[in-house]
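Okay, so here's the structure we're looking at.
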Amino acid sequence: MQPFELPDFYMPYPARLNPHLERARGHTREWAADMGFFEPQQGHHIWDESDLERHDYGLLCAYTHPDCDGAELDLITDWYVWVFYFDDHFLELYKRTRDMRGAREYLERLREFMPLEGIDMPEPTNPVERGLADLWPRTVPSMSLDWRRRFATTTQALLEESRWELNNIAEGRVANPIEYIEMRRKVGGAPWSANLVEHAVHAQVPAQLAPTRPLRVLCDTFSDAVHLRNDIFSYEREVRQEGENANGILVMERFLEVDTQTAAEIVNDLLTSRVQQFEYTALTELPLLFAEYGVSPAEQADVSLYAKGLQDWQSGGHEWHLRSSRYMNKGSRKSATHPLLAAFAPAGLGMSALRITPSSLGLKRFARFAHQPYEAVGATPLPEIYMPFELRLNPLLDSARENVVAWAREMGMLEPTPGLPANIWTEQDLRDFDFALCSAGLDPDATAAELDLATSWLTWGTYVDDYYPAVYFPTRNLIAAKVQGRRLQEFMPIDGLATATPANPLELGLLDLWTRTTAPMDSEQRHEFRRAVQSFLTACEWEVLNHTLHRIPDPIDYVEMRRDTFGSDLTKALSRLSHGNLVPPQIYRTQTLANLENTAADYAILLNDLFSYQKETEFEGDFHNGVSVIRNFLDCDRDRAVTLVNDLMTARMQQFEHVVSVELPTLYEEYDLDESVRRVLNQRAVELQDWMAAILNWHINCRRYREPQLLHRFRPQPPATESRPTLPFLRPTGLGTLGLRIGAGRNVSQVTSG
């Protein structure tokens, strides 16, 4: 008995088979034997020839790379045989035996077989090292140094993050959904596969485009879809037979407390959502990127070939999962097909991925565009919120409250905004928001100057977050938002003074804050800080684009972009710069430090979503809110979505506690960090504890989300002595006005607040 019935899959692209399949099968059989893959390892059976034949990685690569020539298909197939062999080799020698120390030494040695320049390597001591030593010099000479760095990074992540799976197995710990998606990308290897696609199609992503959002999302959505599909097919083997706990279906079973079939359907819905996010990014965001960066026709062709290669991988990978003996693939559900759809259903080899049913069409995607704005949701019933840390407040709070009002007035934030019939903020609004209360908890030990600066950054960030919806949402003017973003960069000079003249409170405020904040920084630190501010501004433009298309974000895209709209990178940059150069850069790049920062950020983000749901949904017509995203994705009511947001908050807080109590001490020992570095990182953990406690306290006590203040701010009554109507722009109606909103939007903590 299979543990569940396979769901209907959304796969709109037919799989195609490379004509060099038989050559690749024969070549990789000989290659695997030469590398020693069929020999026992330390008394363990890993593979024999029959295992390789049953798994048929030649068929996988022929489906996922249908257009490359015979030599290239041989190379690609060898890589996949190597990576699957590594997975099974690591399972037998280290996962099953729980040999943590041996696993670390084993993985650290593999780094030496991936030099960025030259081919100097140690002598291989096992089949995994022997295979990598053969593959690396066959692959990298034709690729740029930028590609080599990216490929080495994803290969190391694929190998080293296997320890995350091993640690969770040893602890009997199942990841929360956000943690799982983040880590599965690294453990599962699809980003590595995406790099190999560039090699296979002979089209490298231009270095200046590789770090941009559209290219990052193409890779991430590809990766998530590959891994979630694999989770569905491999659940029986991994969870029921091998005792692994890194599987999306198991994660959903535990987190949502549902049966296996329901969990499988939800994972399939998330898989569908990621494939559709891939399509949306390729068709909507890439053309905008090309125009914005002035990308040449040749470079556009390279990126398009890369995107097509990822698409081919998706359809081919799906077809292989349906055929490989490695996976549970019997009894795929045959949903009743509408007669009109059945007439167009294709048949033949490779067409199983294109079976057309109402569910496989991905009709849920239309719900993202069909929501009703300004829904009267009423006050949100807040659940019991988990907060294990005590609040501490800076004694200089009262003076900071007055100082920030004076600063905002000086920057022009309390003056009428050109083109709008009313102020974005009044002085009473600013006092109701009480950003100083938030800052006083974020940094309870700050001096007066430090507290004023932190409060001003918080005020500026939230003003930006309210300004973009007020100015750019009504006209859906994405180009104007991007122009404003480019202008704001002019007020963050790396060297010297800004040459542009501020034209609005956004620019004047940023110039003032940049000058005060970066005075003691060197050039490298200013570059890092500027990138953090740019991430925040780019995320604001992302919200404008979604509003223009009336599109509720994909759940994973929402969480990851919400960190940027919340100012998480800016928060991290400010903290990191305050630590000087005590912490080695490679420590900041570890997954442990990423987990420390991201768990705290996600807790604060989701907390804000609970408190701001009524304001954003009912009064602003906005949908960039976790409650809205979960309601849309799971098709559930408000109260169920609120409960799930709170459950996710709690899970992230508990993961934060796990990082502090388990992962940080392990990191200290693994890297043999001295006491001064440990003190800095321990202090960062305390800062984040203060940060989360302060944000909860601020949400409870400020008046930004209370219904009486919302009614006063968004639906003001005319004075008794006048007969003018309520300002119509605050509640638009009529053709083309569904997306119109005004006033406060997303809150960014430390930069903007809810």
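Residue numbering restarts at 1 in every chain; chains get A, B, ... in the order shown in the structure tokens, and ligands count up from 1 in that same order.
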Problem set entry | Spatial neighbours of Met252 in chain A, max dist 8 Å, only C-alpha atoms, sep filter under 2 positions, as a list in words |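 Everything that qualifies: Pro177, Gly248, Ile249, Leu250, Arg254, Phe255, Leu256, Glu257, Val258, Ala263, Ile266 and Val267 of chain A.
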For this session: Tell me which protein, DNA and RNA residues are within 12 Å of Arg237 in chain A, counting only C-alpha atoms, leaving out same-chain ones fewer than 2 positions away, and put them as an NGL selection string.
Result: :A and (2-3 or 230-235 or 239-247 or 325-329)
Problem set entry | Contacts of His227 in chain A within 12 Å, only C-alpha atoms, excl. fewer than 4 positions in-chain, as a PyMOL selection string | chain A and resi 180-191+193+220-223+231-235+246-249+267-268+270-271+274-275+314+317-318+321
Exercise. So which residues touch range 530-547 of chain A within 6 Å, counting only C-alpha atoms, skipping near sequence neighbours fewer than 3 positions away, as a PyMOL selection string?
Worked result: chain A and resi 526-527+550-551+564-565+567+569-570
Residue subset to file, keeping N, CA and C atoms, as a PDB file, in the first residue's frame:
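See selection.pdb below for the written result:
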ATOM      1  N   ARG A 526      30.389  51.361   3.683  1.00  0.00           N
ATOM      2  CA  ARG A 526      29.342  52.164   3.030  1.00  0.00           C
ATOM      3  C   ARG A 526      28.700  51.403   1.878  1.00  0.00           C
ATOM      4  N   HIS A 527      29.505  50.675   1.130  1.00  0.00           N
ATOM      5  CA  HIS A 527      28.944  49.857   0.053  1.00  0.00           C
ATOM      6  C   HIS A 527      27.961  48.831   0.626  1.00  0.00           C
ATOM      7  N   HIS A 550      -2.555  43.519  -9.554  1.00  0.00           N
ATOM      8  CA  HIS A 550      -3.607  43.032  -8.646  1.00  0.00           C
ATOM      9  C   HIS A 550      -3.325  41.579  -8.271  1.00  0.00           C
ATOM     10  N   ARG A 551      -2.090  41.297  -7.908  1.00  0.00           N
ATOM     11  CA  ARG A 551      -1.617  39.926  -7.734  1.00  0.00           C
ATOM     12  C   ARG A 551      -1.152  39.666  -6.307  1.00  0.00           C
ATOM     13  N   ASP A 564      12.726  41.991   3.090  1.00  0.00           N
ATOM     14  CA  ASP A 564      13.287  43.223   2.531  1.00  0.00           C
ATOM     15  C   ASP A 564      12.379  44.419   2.798  1.00  0.00           C
ATOM     16  N   THR A 565      11.053  44.253   2.622  1.00  0.00           N
ATOM     17  CA  THR A 565      10.167  45.382   2.901  1.00  0.00           C
ATOM     18  C   THR A 565      10.147  45.714   4.385  1.00  0.00           C
ATOM     19  N   GLY A 567      12.905  45.702   6.094  1.00  0.00           N
ATOM     20  CA  GLY A 567      14.202  46.305   6.371  1.00  0.00           C
ATOM     21  C   GLY A 567      15.181  45.394   7.073  1.00  0.00           C
ATOM     22  N   ASP A 569      17.668  43.477   5.955  1.00  0.00           N
ATOM     23  CA  ASP A 569      19.064  43.638   5.552  1.00  0.00           C
ATOM     24  C   ASP A 569      19.676  44.884   6.173  1.00  0.00           C
ATOM     25  N   LEU A 570      18.883  45.943   6.253  1.00  0.00           N
ATOM     26  CA  LEU A 570      19.376  47.180   6.849  1.00  0.00           C
ATOM     27  C   LEU A 570      19.660  46.991   8.335  1.00  0.00           C
TER      28      LEU A 570
END
Exercise. Got a sec to tell me which of range 365-526 of chain A DSSP assigns to helix (DSSP H, G or I), as a ChimeraX atom specification?
Worked result: /A:365-368,397-411,427-433,435-442,448-472,478-489,505-518,523-526
For this session: Determine, counting only C-alpha atoms, which protein, DNA and RNA residues have an atom within 10 Å of an atom of range 31-39 of chain A; residues of the same chain fewer than 2 positions away are not included. Present the result as a PyMOL selection string.
Result: chain A and resi 25-29+41-52+74+78+81-82+85-86+89+126-134
Problem set entry | Who sits within 8 Å of Asn646 in chain A, only C-alpha atoms, same chain under 2 positions skipped, as a list in words | Pro383, Ile385, Leu606, Leu607, Leu610, Val642, Thr643, Leu644, Leu648, Met649 and Thr650 of chain A
Problem set entry | Two-atom distance - CA of Arg109 in chain A, CA of Gly58 in chain A (Å) |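 Separation between CA of Arg109 in chain A and CA of Gly58 in chain A: 28.1 Å.
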Exercise. CA of Asp432 in chain A and CA of Asp602 in chain A are how many Å apart?
Worked result: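 Distance between the two atoms: 24.9 Å.
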For this session: Check the smallest atom-to-atom distance from each of A:Ser676, A:Thr380, A:Asn176, A:Ser144 to Ala203 in chain A using only C-alpha atoms, then report the winner.
Result: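 Between A:Ser676, A:Thr380, A:Asn176, A:Ser144, the residue approaching Ala203 in chain A most closely is A:Ser144.
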For this session: State, in Å with one decimal place, the distance from CA of Arg562 in chain A to CA of Leu667 in chain A.
Result: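 Here the two named atoms are 27.8 Å from each other.
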Exercise. With distances taken over only C-alpha atoms, which of A:Arg368, A:Ser456, A:Asp465, A:Glu384 is nearest to Val645 in chain A?
Worked result: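 Of A:Arg368, A:Ser456, A:Asp465, A:Glu384, the one nearest Val645 in chain A is A:Glu384, counting only C-alpha atoms.
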